[in-house]
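Here is work-v6.cif, consisting of mmCIF, C-alpha atoms:
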```cif
data_run
#
loop_
_atom_site.label_atom_id
_atom_site.label_comp_id
_atom_site.auth_asym_id
_atom_site.auth_seq_id
_atom_site.Cartn_x
_atom_site.Cartn_y
_atom_site.Cartn_z
CA MET N 1 0.00 0.00 0.00
CA SER N 2 2.72 2.45 0.95
CA ASN N 3 4.70 1.46 -2.13
CA GLN N 4 1.70 2.42 -4.21
CA VAL N 5 1.53 5.78 -2.46
CA LEU N 6 5.23 6.40 -3.10
CA ILE N 7 4.75 5.63 -6.79
CA ASN N 8 1.82 8.05 -6.92
CA ILE N 9 3.81 10.76 -5.20
CA GLY N 10 6.80 10.22 -7.45
CA TYR N 11 4.55 10.43 -10.48
CA LEU N 12 3.02 13.68 -9.25
CA LEU N 13 6.42 15.16 -8.42
CA VAL N 14 7.64 14.37 -11.92
CA LEU N 15 4.54 16.07 -13.36
CA LEU N 16 5.13 19.07 -11.11
CA GLY N 17 8.78 19.27 -12.11
CA LEU N 18 7.97 19.00 -15.80
CA GLY N 19 5.23 21.61 -15.45
CA TYR N 20 7.58 23.95 -13.63
CA PHE N 21 10.43 23.53 -16.11
CA PHE N 22 8.44 23.77 -19.32
CA GLY N 23 6.09 26.41 -17.93
CA ARG N 24 8.95 28.70 -16.98
CA ARG N 25 10.73 28.14 -20.27
CA ALA N 26 7.62 28.88 -22.30
CA GLU N 27 6.91 31.93 -20.22
CA ALA N 28 10.40 33.39 -20.57
CA LYS N 29 10.34 32.79 -24.31
CA HIS N 30 6.91 34.35 -24.68
CA TYR N 31 7.84 37.45 -22.66
CA LYS N 32 10.91 37.97 -24.79
CA ASP N 33 8.79 37.78 -27.92
CA ILE N 34 6.12 40.09 -26.47
CA GLN N 35 8.68 42.72 -25.53
CA ARG N 36 10.25 42.66 -28.99
CA ARG N 37 6.91 43.06 -30.75
CA GLU N 38 5.68 45.73 -28.37
CA GLN N 39 8.69 47.85 -29.34
CA LEU N 40 7.91 47.19 -32.98
CA TYR N 41 4.30 48.40 -32.70
CA LEU N 42 4.95 51.17 -30.21
CA ALA N 43 4.28 53.85 -32.81
CA LEU N 44 0.66 52.75 -33.36
CA PRO N 45 -1.43 54.63 -30.82
CA THR N 46 -3.87 52.30 -29.13
CA VAL N 47 -6.24 53.85 -26.63
CA SER N 48 -9.49 53.11 -24.90
CA SER N 49 -11.05 56.50 -25.62
CA GLU N 50 -14.07 56.62 -27.92
CA GLN N 51 -12.81 59.63 -29.85
CA PRO N 52 -9.80 59.72 -32.11
CA ILE N 53 -6.69 61.35 -30.70
CA GLY N 54 -5.65 64.60 -32.29
CA ASP N 55 -6.69 65.82 -35.72
CA ILE N 56 -7.23 62.97 -38.07
CA SER N 57 -9.20 62.77 -41.23
CA VAL N 58 -10.63 59.30 -41.04
CA GLN N 59 -10.94 57.66 -44.39
CA ASN N 60 -12.20 54.40 -43.11
CA CYS N 61 -12.44 52.40 -39.90
CA VAL N 62 -12.31 48.69 -39.28
CA LEU N 63 -13.21 46.52 -36.34
CA VAL N 64 -10.02 44.78 -35.38
CA ARG N 65 -9.52 42.05 -32.86
CA GLY N 66 -6.83 39.80 -31.54
CA SER N 67 -7.38 36.78 -29.39
CA VAL N 68 -5.17 34.23 -27.71
CA VAL N 69 -5.64 31.13 -25.61
CA ILE N 70 -2.91 30.26 -23.13
CA SER N 71 -2.87 27.18 -20.96
CA VAL N 72 -1.79 27.10 -17.37
CA ASP N 73 0.91 24.54 -16.61
CA TYR N 74 0.56 21.70 -14.11
CA PHE N 75 2.76 23.34 -11.50
CA LYS N 76 0.82 26.60 -11.56
CA ARG N 77 -2.47 24.79 -11.34
CA MET N 78 -1.27 22.96 -8.22
CA LEU N 79 0.03 26.17 -6.72
CA ALA N 80 -3.29 27.87 -7.41
CA ALA N 81 -5.17 24.91 -5.87
CA LEU N 82 -3.14 25.29 -2.66
CA ARG N 83 -3.67 29.04 -2.78
CA ALA N 84 -7.39 28.52 -3.22
CA PHE N 85 -7.48 26.86 0.19
CA PHE N 86 -5.38 29.37 2.11
CA GLY N 87 -6.59 32.46 0.25
CA GLY N 88 -4.59 35.45 -0.90
CA GLU N 89 -3.31 36.66 -4.22
CA VAL N 90 -3.09 33.98 -6.84
CA GLN N 91 0.29 35.14 -8.08
CA ALA N 92 0.70 31.93 -10.03
CA TYR N 93 -1.86 33.11 -12.56
CA GLU N 94 -0.65 36.71 -12.84
CA THR N 95 1.91 36.09 -15.55
CA LEU N 96 -0.55 33.89 -17.41
CA LEU N 97 -3.11 36.68 -17.69
CA ASP N 98 -0.50 39.38 -18.27
CA ARG N 99 0.92 37.45 -21.20
CA ALA N 100 -2.51 36.74 -22.61
CA ARG N 101 -3.61 40.38 -22.47
CA ARG N 102 -0.43 41.70 -24.07
CA GLU N 103 -0.41 39.00 -26.73
CA ALA N 104 -4.04 39.70 -27.62
CA VAL N 105 -3.38 43.43 -28.02
CA LEU N 106 -0.31 42.69 -30.13
CA ARG N 107 -2.23 40.36 -32.41
CA MET N 108 -4.90 43.01 -32.77
CA LYS N 109 -2.28 45.58 -33.75
CA GLU N 110 -0.66 43.16 -36.15
CA SER N 111 -4.01 42.58 -37.85
CA CYS N 112 -4.22 46.13 -39.18
CA PRO N 113 -0.97 47.25 -40.71
CA GLY N 114 -1.15 50.83 -41.88
CA ALA N 115 -3.72 51.92 -39.34
CA ALA N 116 -3.25 55.43 -37.97
CA GLN N 117 -4.58 54.54 -34.56
CA ILE N 118 -6.80 52.08 -32.73
CA ILE N 119 -9.46 53.55 -30.52
CA ASN N 120 -12.08 52.13 -28.22
CA LEU N 121 -9.87 49.27 -27.09
CA ARG N 122 -11.76 46.71 -25.02
CA MET N 123 -10.74 43.34 -23.61
CA GLU N 124 -12.62 40.24 -22.59
CA THR N 125 -11.33 37.34 -20.59
CA ALA N 126 -12.80 33.87 -20.54
CA SER N 127 -11.63 30.71 -18.87
CA ILE N 128 -11.74 27.56 -20.88
CA HIS N 129 -11.84 24.41 -18.85
CA ARG N 130 -13.67 21.16 -18.57
CA GLY N 131 -14.80 20.90 -14.97
CA ALA N 132 -12.68 21.65 -11.95
CA ASN N 133 -10.14 18.92 -12.51
CA SER N 134 -8.93 19.63 -15.98
CA ILE N 135 -6.06 21.92 -16.68
CA GLY N 136 -7.56 25.30 -17.43
CA SER N 137 -6.76 27.74 -20.18
CA VAL N 138 -7.47 31.42 -20.42
CA GLU N 139 -8.71 33.21 -23.49
CA VAL N 140 -8.27 36.94 -23.89
CA VAL N 141 -9.90 38.86 -26.73
CA ALA N 142 -8.85 42.43 -27.44
CA TYR N 143 -10.89 44.43 -29.88
CA GLY N 144 -11.08 48.01 -31.01
CA THR N 145 -11.66 50.27 -33.95
CA ALA N 146 -8.75 50.83 -36.28
CA LEU N 147 -8.80 54.19 -37.97
CA PHE N 148 -7.16 54.74 -41.33
CA ASN N 149 -6.54 58.21 -42.63
CA SER N 150 -5.81 59.23 -46.17
CA ASP N 151 -2.05 59.03 -45.52
CA SER N 152 -2.27 55.51 -44.17
CA ASP N 153 -0.80 52.80 -46.26
CA SER N 154 -3.86 50.63 -46.25
CA THR N 155 -3.04 48.49 -49.25
CA SER N 156 -1.06 45.80 -47.47
CA ASP N 157 -4.03 44.21 -45.77
CA GLY N 158 -7.26 43.04 -47.26
CA SER N 159 -9.42 44.00 -44.32
CA ALA N 160 -8.04 47.53 -44.17
CA ASN N 161 -8.47 47.87 -47.90
CA ALA N 162 -12.18 47.24 -47.71
CA GLU N 163 -14.75 49.87 -48.29
CA PRO N 164 -15.64 51.94 -45.29
CA ILE N 165 -17.85 49.80 -43.09
CA ALA N 166 -21.30 50.27 -44.42
CA VAL N 167 -24.33 49.46 -42.37
CA SER N 168 -25.89 47.77 -45.37
CA SER N 169 -23.19 45.12 -45.45
CA HIS N 170 -24.85 43.50 -42.45
CA PRO N 171 -28.13 41.93 -43.55
CA SER N 172 -29.56 41.98 -40.05
CA ARG N 173 -29.00 45.69 -39.83
CA SER N 174 -29.91 46.64 -43.34
CA GLY N 175 -32.42 49.21 -42.40
CA PRO N 176 -35.30 50.04 -40.15
CA THR N 177 -37.64 47.80 -42.12
CA GLY N 178 -35.41 44.75 -42.06
CA ASP N 179 -35.55 42.28 -44.92
CA MET K 180 -4.15 65.90 -26.30
CA GLU K 181 -1.09 64.31 -27.70
CA TYR K 182 -0.25 60.66 -27.77
CA GLN K 183 3.01 59.76 -26.10
CA PRO K 184 4.18 56.32 -27.14
CA GLY K 185 5.97 54.44 -24.42
CA LEU K 186 6.16 51.19 -22.46
CA PRO K 187 6.28 50.94 -18.67
CA GLU K 188 9.69 50.21 -17.19
CA HIS K 189 8.29 47.75 -14.69
CA ASN K 190 5.46 45.34 -15.06
CA ASP K 191 3.39 46.10 -11.99
CA ASN K 192 0.78 43.52 -12.85
CA VAL K 193 3.06 40.61 -12.13
CA SER K 194 4.45 39.78 -8.69
CA HIS K 195 8.08 38.84 -8.85
CA GLN K 196 8.01 36.16 -6.19
CA ARG K 197 9.61 32.79 -6.54
CA PRO K 198 6.75 30.35 -7.16
CA GLY K 199 8.78 27.33 -5.99
CA ARG K 200 9.20 28.82 -2.54
CA GLU K 201 5.53 29.70 -2.39
CA PHE K 202 4.61 26.14 -3.29
CA VAL K 203 6.84 24.61 -0.60
CA THR K 204 5.56 27.02 2.05
CA LEU K 205 1.92 26.33 1.27
CA MET K 206 2.56 22.60 1.04
CA LEU K 207 4.21 22.52 4.48
CA ALA K 208 1.33 24.51 5.96
CA ALA K 209 -1.12 22.05 4.43
CA VAL K 210 0.78 19.05 5.83
CA VAL K 211 0.79 20.54 9.34
CA LEU K 212 -2.90 21.30 9.01
CA ILE K 213 -3.66 17.77 7.85
CA LEU K 214 -1.73 16.21 10.73
CA ILE K 215 -3.69 18.34 13.21
CA VAL K 216 -6.99 17.44 11.52
CA VAL K 217 -6.06 13.74 11.51
CA TRP K 218 -5.27 13.87 15.20
CA LEU K 219 -8.44 15.78 16.12
CA SER K 220 -10.67 13.61 13.94
CA GLY K 221 -9.12 10.55 15.58
CA LEU K 222 -10.16 11.85 18.99
CA ALA K 223 -13.66 12.61 17.68
CA VAL K 224 -14.00 9.15 16.15
CA ASP K 225 -12.82 7.46 19.37
CA TRP K 226 -15.46 9.40 21.26
CA ALA K 227 -18.14 8.51 18.73
CA VAL K 228 -17.23 4.81 18.74
CA ALA K 229 -17.63 4.71 22.52
CA GLN K 230 -21.18 6.02 22.06
CA ILE K 231 -22.22 3.25 19.65
CA ASP K 232 -23.05 -0.07 21.29
CA PRO K 233 -22.60 -3.26 19.23
CA LYS K 234 -26.36 -3.65 18.79
CA THR K 235 -26.68 -0.22 17.22
CA GLU K 236 -23.62 -0.96 15.12
CA ARG K 237 -25.21 -4.10 13.73
CA ALA K 238 -28.49 -2.28 13.09
CA LEU K 239 -26.63 0.49 11.28
CA LEU K 240 -24.63 -1.93 9.23
CA GLU K 241 -27.64 -3.97 8.20
CA GLN K 242 -28.50 -1.15 5.82
CA PHE K 243 -25.20 -1.72 4.09
CA SER K 244 -25.18 -5.47 4.57
CA GLU K 245 -25.00 -6.12 0.85
CA THR K 246 -21.65 -4.41 0.62
CA ILE K 247 -20.33 -5.82 3.86
CA GLU K 248 -21.33 -9.44 3.32
CA LEU K 249 -19.39 -11.55 0.93
CA ASP K 250 -21.00 -12.60 -2.27
CA PRO K 251 -21.86 -16.25 -1.63
CA GLU K 252 -21.54 -17.18 -5.31
CA THR K 253 -18.03 -15.97 -5.98
CA GLU K 254 -16.21 -15.16 -2.79
CA LEU K 255 -17.39 -17.73 -0.33
CA GLY K 256 -15.24 -20.68 -1.10
CA PRO K 257 -16.45 -24.24 -1.26
CA GLU K 258 -14.97 -24.67 2.17
CA THR K 259 -17.42 -22.33 3.85
CA ASN K 260 -19.40 -25.11 5.34
CA SER K 261 -16.75 -27.70 5.09
CA ALA K 262 -14.89 -29.57 7.73
CA LYS K 263 -12.19 -26.89 7.65
CA GLN K 264 -14.61 -24.24 8.77
CA LYS K 265 -15.94 -26.47 11.48
CA GLN K 266 -12.39 -26.97 12.68
CA LEU K 267 -11.89 -23.21 12.71
CA GLN K 268 -15.13 -22.73 14.62
CA ALA K 269 -13.93 -25.34 17.09
CA LEU K 270 -10.73 -23.29 17.52
CA LEU K 271 -12.63 -20.05 17.91
CA ASP K 272 -15.23 -21.17 20.46
CA PRO K 273 -12.88 -21.71 23.43
CA LEU K 274 -11.09 -18.44 22.60
CA LEU K 275 -14.38 -16.57 22.93
CA THR K 276 -14.41 -17.40 26.62
CA CYS K 277 -10.87 -16.02 26.93
CA VAL K 278 -11.41 -12.65 25.23
CA ASP K 279 -13.97 -10.24 26.55
CA GLN K 280 -15.60 -8.66 23.51
CA PRO K 281 -19.16 -7.50 22.87
CA TYR K 282 -19.95 -9.17 19.54
CA GLN K 283 -21.58 -12.36 18.35
CA ILE K 284 -18.81 -13.47 16.04
CA LYS K 285 -19.74 -14.99 12.71
CA LEU K 286 -16.89 -16.88 11.08
CA LEU K 287 -16.60 -16.83 7.29
CA VAL K 288 -14.02 -18.32 4.97
CA LYS K 289 -13.00 -16.08 2.08
CA GLU K 290 -11.62 -17.46 -1.14
CA ASP K 291 -8.31 -15.63 -1.30
CA GLU K 292 -4.71 -16.69 -1.82
CA ALA K 293 -3.39 -14.06 0.59
CA VAL K 294 -2.61 -15.32 4.09
CA ASN K 295 -4.85 -13.10 6.15
CA ALA K 296 -7.82 -12.63 8.46
CA PHE K 297 -10.04 -9.60 8.95
CA ALA K 298 -12.34 -8.22 11.62
CA VAL K 299 -15.32 -6.71 9.80
CA PRO K 300 -17.76 -4.25 11.40
CA GLY K 301 -20.87 -5.92 12.76
CA GLY K 302 -19.03 -8.94 14.15
CA GLN K 303 -17.94 -10.86 11.06
CA MET K 304 -14.54 -12.47 11.03
CA TRP K 305 -13.17 -13.37 7.63
CA VAL K 306 -10.43 -15.94 7.31
CA THR K 307 -8.82 -16.47 3.94
CA THR K 308 -8.36 -19.88 2.39
CA GLY K 309 -4.72 -18.84 2.03
CA LEU K 310 -4.42 -18.79 5.81
CA LEU K 311 -6.16 -22.15 6.12
CA HIS K 312 -3.73 -23.74 3.66
CA SER K 313 -0.62 -22.04 4.98
CA GLY K 314 0.34 -25.02 7.13
CA LEU K 315 0.20 -23.13 10.41
CA SER K 316 -0.17 -25.09 13.62
CA GLU K 317 -3.36 -25.05 15.65
CA ASN K 318 -1.76 -22.74 18.19
CA ALA K 319 -0.64 -20.27 15.52
CA LEU K 320 -4.14 -20.19 14.00
CA SER K 321 -5.58 -19.65 17.47
CA PHE K 322 -3.23 -16.71 17.91
CA VAL K 323 -4.45 -15.16 14.65
CA LEU K 324 -8.09 -15.66 15.70
CA GLY K 325 -7.28 -14.24 19.14
CA HIS K 326 -5.62 -11.25 17.49
CA GLU K 327 -8.77 -10.57 15.45
CA LEU K 328 -10.89 -10.97 18.60
CA GLY K 329 -8.64 -8.26 20.06
CA HIS K 330 -9.72 -5.96 17.24
CA PHE K 331 -13.33 -6.66 18.13
CA ALA K 332 -12.63 -6.07 21.83
CA ASN K 333 -11.07 -2.70 21.04
CA ARG K 334 -13.60 -2.07 18.25
CA ASP K 335 -10.73 -1.16 15.94
CA HIS K 336 -12.68 -1.96 12.78
CA LEU K 337 -15.17 0.76 13.67
CA ARG K 338 -12.40 3.21 14.51
CA GLY K 339 -10.62 2.45 11.27
CA LEU K 340 -13.84 2.90 9.30
CA GLY K 341 -14.58 6.18 11.06
CA ARG K 342 -11.09 7.57 10.56
CA GLY K 343 -11.02 6.56 6.94
CA LEU K 344 -14.35 8.24 6.37
CA VAL K 345 -13.34 11.44 8.16
CA LEU K 346 -10.05 11.67 6.26
CA TRP K 347 -11.76 11.08 2.97
CA VAL K 348 -14.26 13.85 3.66
CA VAL K 349 -11.54 16.21 4.90
CA SER K 350 -9.24 15.74 1.93
CA ARG K 351 -12.11 16.02 -0.53
CA SER K 352 -13.53 19.16 1.00
CA MET K 353 -10.15 20.86 1.42
CA PHE K 354 -8.70 20.42 -2.03
CA GLY K 355 -11.51 19.03 -4.16
CA GLY K 356 -12.15 15.55 -5.44
CA ASN K 357 -9.55 14.42 -7.89
CA SER K 358 -7.02 17.11 -7.25
CA GLY K 359 -3.40 16.10 -7.29
CA ILE K 360 -2.95 18.11 -4.11
CA SER K 361 -5.02 15.56 -2.21
CA GLN K 362 -2.77 12.85 -3.60
CA LEU K 363 0.38 14.75 -2.76
CA LEU K 364 -0.87 15.21 0.79
CA SER K 365 -1.93 11.59 1.16
CA PRO K 366 1.34 10.49 2.85
CA SER K 367 0.73 12.92 5.69
CA MET K 368 -2.73 11.46 6.16
CA LEU K 369 -1.37 7.97 5.85
CA LEU K 370 1.35 8.78 8.37
CA GLY K 371 -1.20 9.97 10.91
CA GLN K 372 -3.39 6.95 10.33
CA ALA K 373 -0.60 4.40 10.10
CA GLN K 374 0.79 5.32 13.51
CA HIS K 375 -2.65 4.82 15.01
CA SER K 376 -3.19 1.60 13.11
CA GLN K 377 0.20 0.21 14.19
CA GLY K 378 -0.79 0.92 17.79
CA GLN K 379 -4.03 -1.02 17.27
CA GLU K 380 -2.18 -3.98 15.79
CA SER K 381 0.21 -4.11 18.73
CA ASP K 382 -2.70 -3.96 21.18
CA SER K 383 -4.42 -6.82 19.39
CA ASP K 384 -1.19 -8.84 19.45
CA VAL K 385 -1.28 -8.55 23.23
CA VAL K 386 -4.89 -9.76 23.31
CA GLY K 387 -3.95 -12.65 21.02
CA LEU K 388 -1.04 -13.62 23.28
CA ASN K 389 -3.23 -13.59 26.38
CA ALA K 390 -5.89 -15.61 24.57
CA LEU K 391 -3.28 -18.20 23.64
CA GLN K 392 -2.07 -18.48 27.23
CA CYS K 393 -5.69 -18.74 28.44
CA ARG K 394 -6.55 -21.45 25.92
CA TYR K 395 -3.46 -23.67 25.96
CA GLY K 396 -1.63 -22.70 29.16
CA HIS K 397 1.43 -21.70 27.12
CA VAL K 398 2.18 -19.33 24.25
CA GLY K 399 3.91 -21.71 21.85
CA GLY K 400 3.11 -20.78 18.23
CA ALA K 401 2.42 -17.11 18.99
CA THR K 402 5.10 -15.84 16.64
CA GLU K 403 4.73 -18.59 14.03
CA PHE K 404 2.37 -16.59 11.82
CA PHE K 405 4.70 -13.57 11.67
CA GLU K 406 7.74 -15.75 11.08
CA LYS K 407 5.96 -17.30 8.13
CA LEU K 408 5.06 -13.88 6.74
CA GLN K 409 8.64 -12.76 7.21
CA LEU K 410 9.86 -15.59 5.02
CA ASN K 411 7.53 -14.54 2.22
CA SER K 412 7.90 -10.78 2.48
CA SER K 413 10.09 -8.81 0.15
CA SER K 414 12.38 -6.17 1.58
CA ASN K 415 11.10 -2.61 1.46
CA LEU K 416 12.95 0.68 1.32
CA PRO K 417 14.20 1.81 4.74
CA GLY K 418 11.87 4.22 6.50
CA LEU K 419 8.84 3.06 4.59
CA HIS K 420 7.47 1.18 7.59
CA TYR K 421 6.36 4.47 9.15
CA PHE K 422 3.60 4.52 6.53
CA GLU K 423 2.54 0.89 6.93
CA SER K 424 -0.71 -0.03 8.64
CA HIS K 425 1.01 -2.90 10.47
CA PRO K 426 4.21 -2.73 12.54
CA GLN K 427 7.33 -4.39 11.23
CA LEU K 428 7.19 -8.15 11.57
CA GLN K 429 10.48 -8.53 13.46
CA GLN K 430 9.36 -5.88 15.91
CA ARG K 431 6.06 -7.66 16.49
CA ILE K 432 7.88 -10.93 17.10
CA ASP K 433 10.30 -9.24 19.52
CA ASN K 434 7.47 -7.46 21.32
CA LEU K 435 5.53 -10.71 21.75
CA ARG K 436 8.56 -12.56 23.12
CA GLN K 437 9.38 -9.72 25.47
CA LEU K 438 5.82 -9.50 26.74
CA ALA K 439 5.61 -13.28 27.19
CA SER K 440 8.73 -13.28 29.33
CA GLN K 441 7.47 -10.29 31.33
CA LEU K 442 4.19 -12.04 32.07
CA GLY K 443 5.92 -15.32 32.80
CA PHE K 444 4.30 -17.14 29.86
CA THR K 445 6.23 -20.14 28.62
CA GLU K 446 6.36 -21.91 25.29
CA SER K 447 5.61 -25.56 24.84
CA THR K 448 5.08 -27.90 21.93
CA VAL K 449 2.35 -26.86 19.54
CA ARG K 450 -0.45 -28.98 18.16
CA GLN K 451 -0.56 -29.47 14.42
CA MET K 452 -3.81 -29.10 12.52
CA PRO K 453 -5.20 -32.46 11.45
#
```
Could you write out this file's structure as structure tokens?
Amino acid sequence: MSNQVLINIGYLLVLLGLGYFFGRRAEAKHYKDIQRREQLYLALPTVSSEQPIGDISVQNCVLVRGSVVISVDYFKRMLAALRAFFGGEVQAYETLLDRARREAVLRMKESCPGAAQIINLRMETASIHRGANSIGSVEVVAYGTALFNSDSDSTSDGSANAEPIAVSSHPSRSGPTGD
Amino acid sequence: MEYQPGLPEHNDNVSHQRPGREFVTLMLAAVVLILIVVWLSGLAVDWAVAQIDPKTERALLEQFSETIELDPETELGPETNSAKQKQLQALLDPLLTCVDQPYQIKLLVKEDEAVNAFAVPGGQMWVTTGLLHSGLSENALSFVLGHELGHFANRDHLRGLGRGLVLWVVSRSMFGGNSGISQLLSPSMLLGQAQHSQGQESDSDVVGLNALQCRYGHVGGATEFFEKLQLNSSSNLPGLHYFESHPQLQQRIDNLRQLASQLGFTESTVRQMP
């Protein structure tokens, strides 16, 4: 009986160790990548205000979004389970959500090359898991309105090249009388 | 309003603590907590067991009798009503006068290769066919039966059941059903329970020894069962015995011999089973 318990414990410790090692490695790699890309897209103003910043003659605007799903590793899940009993800040999940938010914003920025600015930035977070015992993942969606002015180079991306968003392009909203 | 591009120098949304240290600290706190809970629940169970008389116990267990009783088709061996069982009953009957215990014992033979006997809540004593065929002498078998009677006298089966139930509930409610945390913490629970269980086994050994002296006037054959087990057992890692439900065999043998000499019990020739 005790041999069985030792085997179980050893198995769990190996899982924990693997989770810790690979989780940290993935995290470090991801942060490095995030920092590099954030520098790259620093010049694109991205704000949560509903009005454009400064004087801009908007030629067209596009709904842009970026989303990412990141899984928590085994070690962090265990740490969070312990934390859930004792209470306090779940620091184990902080980097997970930080990475997800920044990655989602970056993907959103990358989706609209040539945009002058992105306004009305909003974010949504959802947890993806199958019951309490499965390893959970977090999804973050960032969305906003990309504004293109006449100077913007909007030819490099199909979505930005589209006609200005017309209400009539959505059948459900095609007018007060409907279909 | 002008837009100033820039990135923060520090990421204030992430705590820069070492997660490994946090894990170890929380784990140690959980282990300490579990040990305290195990100890307290043990006291509570002991109190509760004292409140339940054997009649109530049987009445309670009748509701679960289907799970407690052996399946007559598959598990009750062909020897259940055989001469072997009658022999066993003949061994048990005189021992009942030697051990003061509150149950009406029902003897059952279980089809199982393992050399073992169990005291089951409600007053059932299961003896495996493996034990019957192990070639033990009459005195050694009497010691095993006496040892199980000791469990009934101390109502260990009920205590064990109660503790197991409490621990199960505690671990489930603390860290959730299938969580690996519960599994990681299981040695601390096992440690708490094993120490108690080892104490129970030693107490029952004493009862068995006294029963043997009462029945035969000497304690020959008392250690035979353990010696036989010792021959068959494989060696474990050192230190592992702290987690076992039964004390180490050599220690049990030594304890029995020491106790016998303290009480002035002598050994004489044993009777072989026919």
Please write as a PDB file with C-alpha atoms, keeping the file's coordinate frame the full residue list that the PyMOL selection byres ((chain N and resi 67-73) around 7) yields on this file.
```
ATOM      1  CA  GLY N  19       5.230  21.610 -15.450  1.00  0.00           C
ATOM      2  CA  GLY N  23       6.090  26.410 -17.930  1.00  0.00           C
ATOM      3  CA  ARG N  65      -9.520  42.050 -32.860  1.00  0.00           C
ATOM      4  CA  GLY N  66      -6.830  39.800 -31.540  1.00  0.00           C
ATOM      5  CA  TYR N  74       0.560  21.700 -14.110  1.00  0.00           C
ATOM      6  CA  PHE N  75       2.760  23.340 -11.500  1.00  0.00           C
ATOM      7  CA  LYS N  76       0.820  26.600 -11.560  1.00  0.00           C
ATOM      8  CA  ARG N  77      -2.470  24.790 -11.340  1.00  0.00           C
ATOM      9  CA  LEU N  96      -0.550  33.890 -17.410  1.00  0.00           C
ATOM     10  CA  ALA N 100      -2.510  36.740 -22.610  1.00  0.00           C
ATOM     11  CA  GLU N 103      -0.410  39.000 -26.730  1.00  0.00           C
ATOM     12  CA  ALA N 104      -4.040  39.700 -27.620  1.00  0.00           C
ATOM     13  CA  ARG N 107      -2.230  40.360 -32.410  1.00  0.00           C
ATOM     14  CA  ILE N 135      -6.060  21.920 -16.680  1.00  0.00           C
ATOM     15  CA  GLY N 136      -7.560  25.300 -17.430  1.00  0.00           C
ATOM     16  CA  SER N 137      -6.760  27.740 -20.180  1.00  0.00           C
ATOM     17  CA  VAL N 138      -7.470  31.420 -20.420  1.00  0.00           C
ATOM     18  CA  GLU N 139      -8.710  33.210 -23.490  1.00  0.00           C
ATOM     19  CA  VAL N 140      -8.270  36.940 -23.890  1.00  0.00           C
ATOM     20  CA  VAL N 141      -9.900  38.860 -26.730  1.00  0.00           C
ATOM     21  CA  ALA N 142      -8.850  42.430 -27.440  1.00  0.00           C
TER      22      ALA N 142
END
```
_List the spatial neighbours of N:Leu12 as a ChimeraX atom specification - criterion: any atom at most 12 Å away, only C-alpha atoms, same-chain residues fewer than 5 positions off excluded._
/N:5-7,17-19,74-75,78 /K:358-365
_Expansion of the PyMOL selection byres ((chain N) within 7 of (chain K)) into residues, as a PyMOL selection string_ = chain N and resi 2+9+42-43+45+53-54+78-79+81-82+85+91-92+94-95+98+133
Okay, now the selection with C-alpha atoms, as a PDB file, keeping the file's coordinate frame?
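Below is the file selection03.pdb, written as the result:
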```
ATOM      1  CA  SER N   2       2.720   2.450   0.950  1.00  0.00           C
ATOM      2  CA  ILE N   9       3.810  10.760  -5.200  1.00  0.00           C
ATOM      3  CA  LEU N  42       4.950  51.170 -30.210  1.00  0.00           C
ATOM      4  CA  ALA N  43       4.280  53.850 -32.810  1.00  0.00           C
ATOM      5  CA  PRO N  45      -1.430  54.630 -30.820  1.00  0.00           C
ATOM      6  CA  ILE N  53      -6.690  61.350 -30.700  1.00  0.00           C
ATOM      7  CA  GLY N  54      -5.650  64.600 -32.290  1.00  0.00           C
ATOM      8  CA  MET N  78      -1.270  22.960  -8.220  1.00  0.00           C
ATOM      9  CA  LEU N  79       0.030  26.170  -6.720  1.00  0.00           C
ATOM     10  CA  ALA N  81      -5.170  24.910  -5.870  1.00  0.00           C
ATOM     11  CA  LEU N  82      -3.140  25.290  -2.660  1.00  0.00           C
ATOM     12  CA  PHE N  85      -7.480  26.860   0.190  1.00  0.00           C
ATOM     13  CA  GLN N  91       0.290  35.140  -8.080  1.00  0.00           C
ATOM     14  CA  ALA N  92       0.700  31.930 -10.030  1.00  0.00           C
ATOM     15  CA  GLU N  94      -0.650  36.710 -12.840  1.00  0.00           C
ATOM     16  CA  THR N  95       1.910  36.090 -15.550  1.00  0.00           C
ATOM     17  CA  ASP N  98      -0.500  39.380 -18.270  1.00  0.00           C
ATOM     18  CA  ASN N 133     -10.140  18.920 -12.510  1.00  0.00           C
TER      19      ASN N 133
END
```
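Interatomic distance, atom CA of N:Phe148 against atom CA of N:Ile118: 9.0 Å.
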*Evaluating the PyMOL selection byres ((chain K and resi 390-396) around 6) on the displayed file yields which residues, as an MDAnalysis selection string?*
chainID K and resid 277 322 325 387:389 397:398
Can you write just those residues out, C-alpha atoms, as an mmCIF file, in the frame of the given file?
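As written to disk, part_34.cif reads:
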```
data_model
loop_
_atom_site.group_PDB
_atom_site.id
_atom_site.type_symbol
_atom_site.label_atom_id
_atom_site.label_comp_id
_atom_site.auth_asym_id
_atom_site.auth_seq_id
_atom_site.Cartn_x
_atom_site.Cartn_y
_atom_site.Cartn_z
ATOM 1 C CA CYS K 277 -10.870 -16.020 26.930
ATOM 2 C CA PHE K 322 -3.230 -16.710 17.910
ATOM 3 C CA GLY K 325 -7.280 -14.240 19.140
ATOM 4 C CA GLY K 387 -3.950 -12.650 21.020
ATOM 5 C CA LEU K 388 -1.040 -13.620 23.280
ATOM 6 C CA ASN K 389 -3.230 -13.590 26.380
ATOM 7 C CA HIS K 397 1.430 -21.700 27.120
ATOM 8 C CA VAL K 398 2.180 -19.330 24.250
#
```
Around all listed atoms of stretch 52-59 of chain N, padded 4 Å per side, what centre and edge lengths does the axis-aligned box have in Å to one decimal, as JSON?
```
{"center_x": -8.3, "center_y": 61.7, "center_z": -37.5, "size_x": 13.3, "size_y": 16.2, "size_z": 21.7}
```
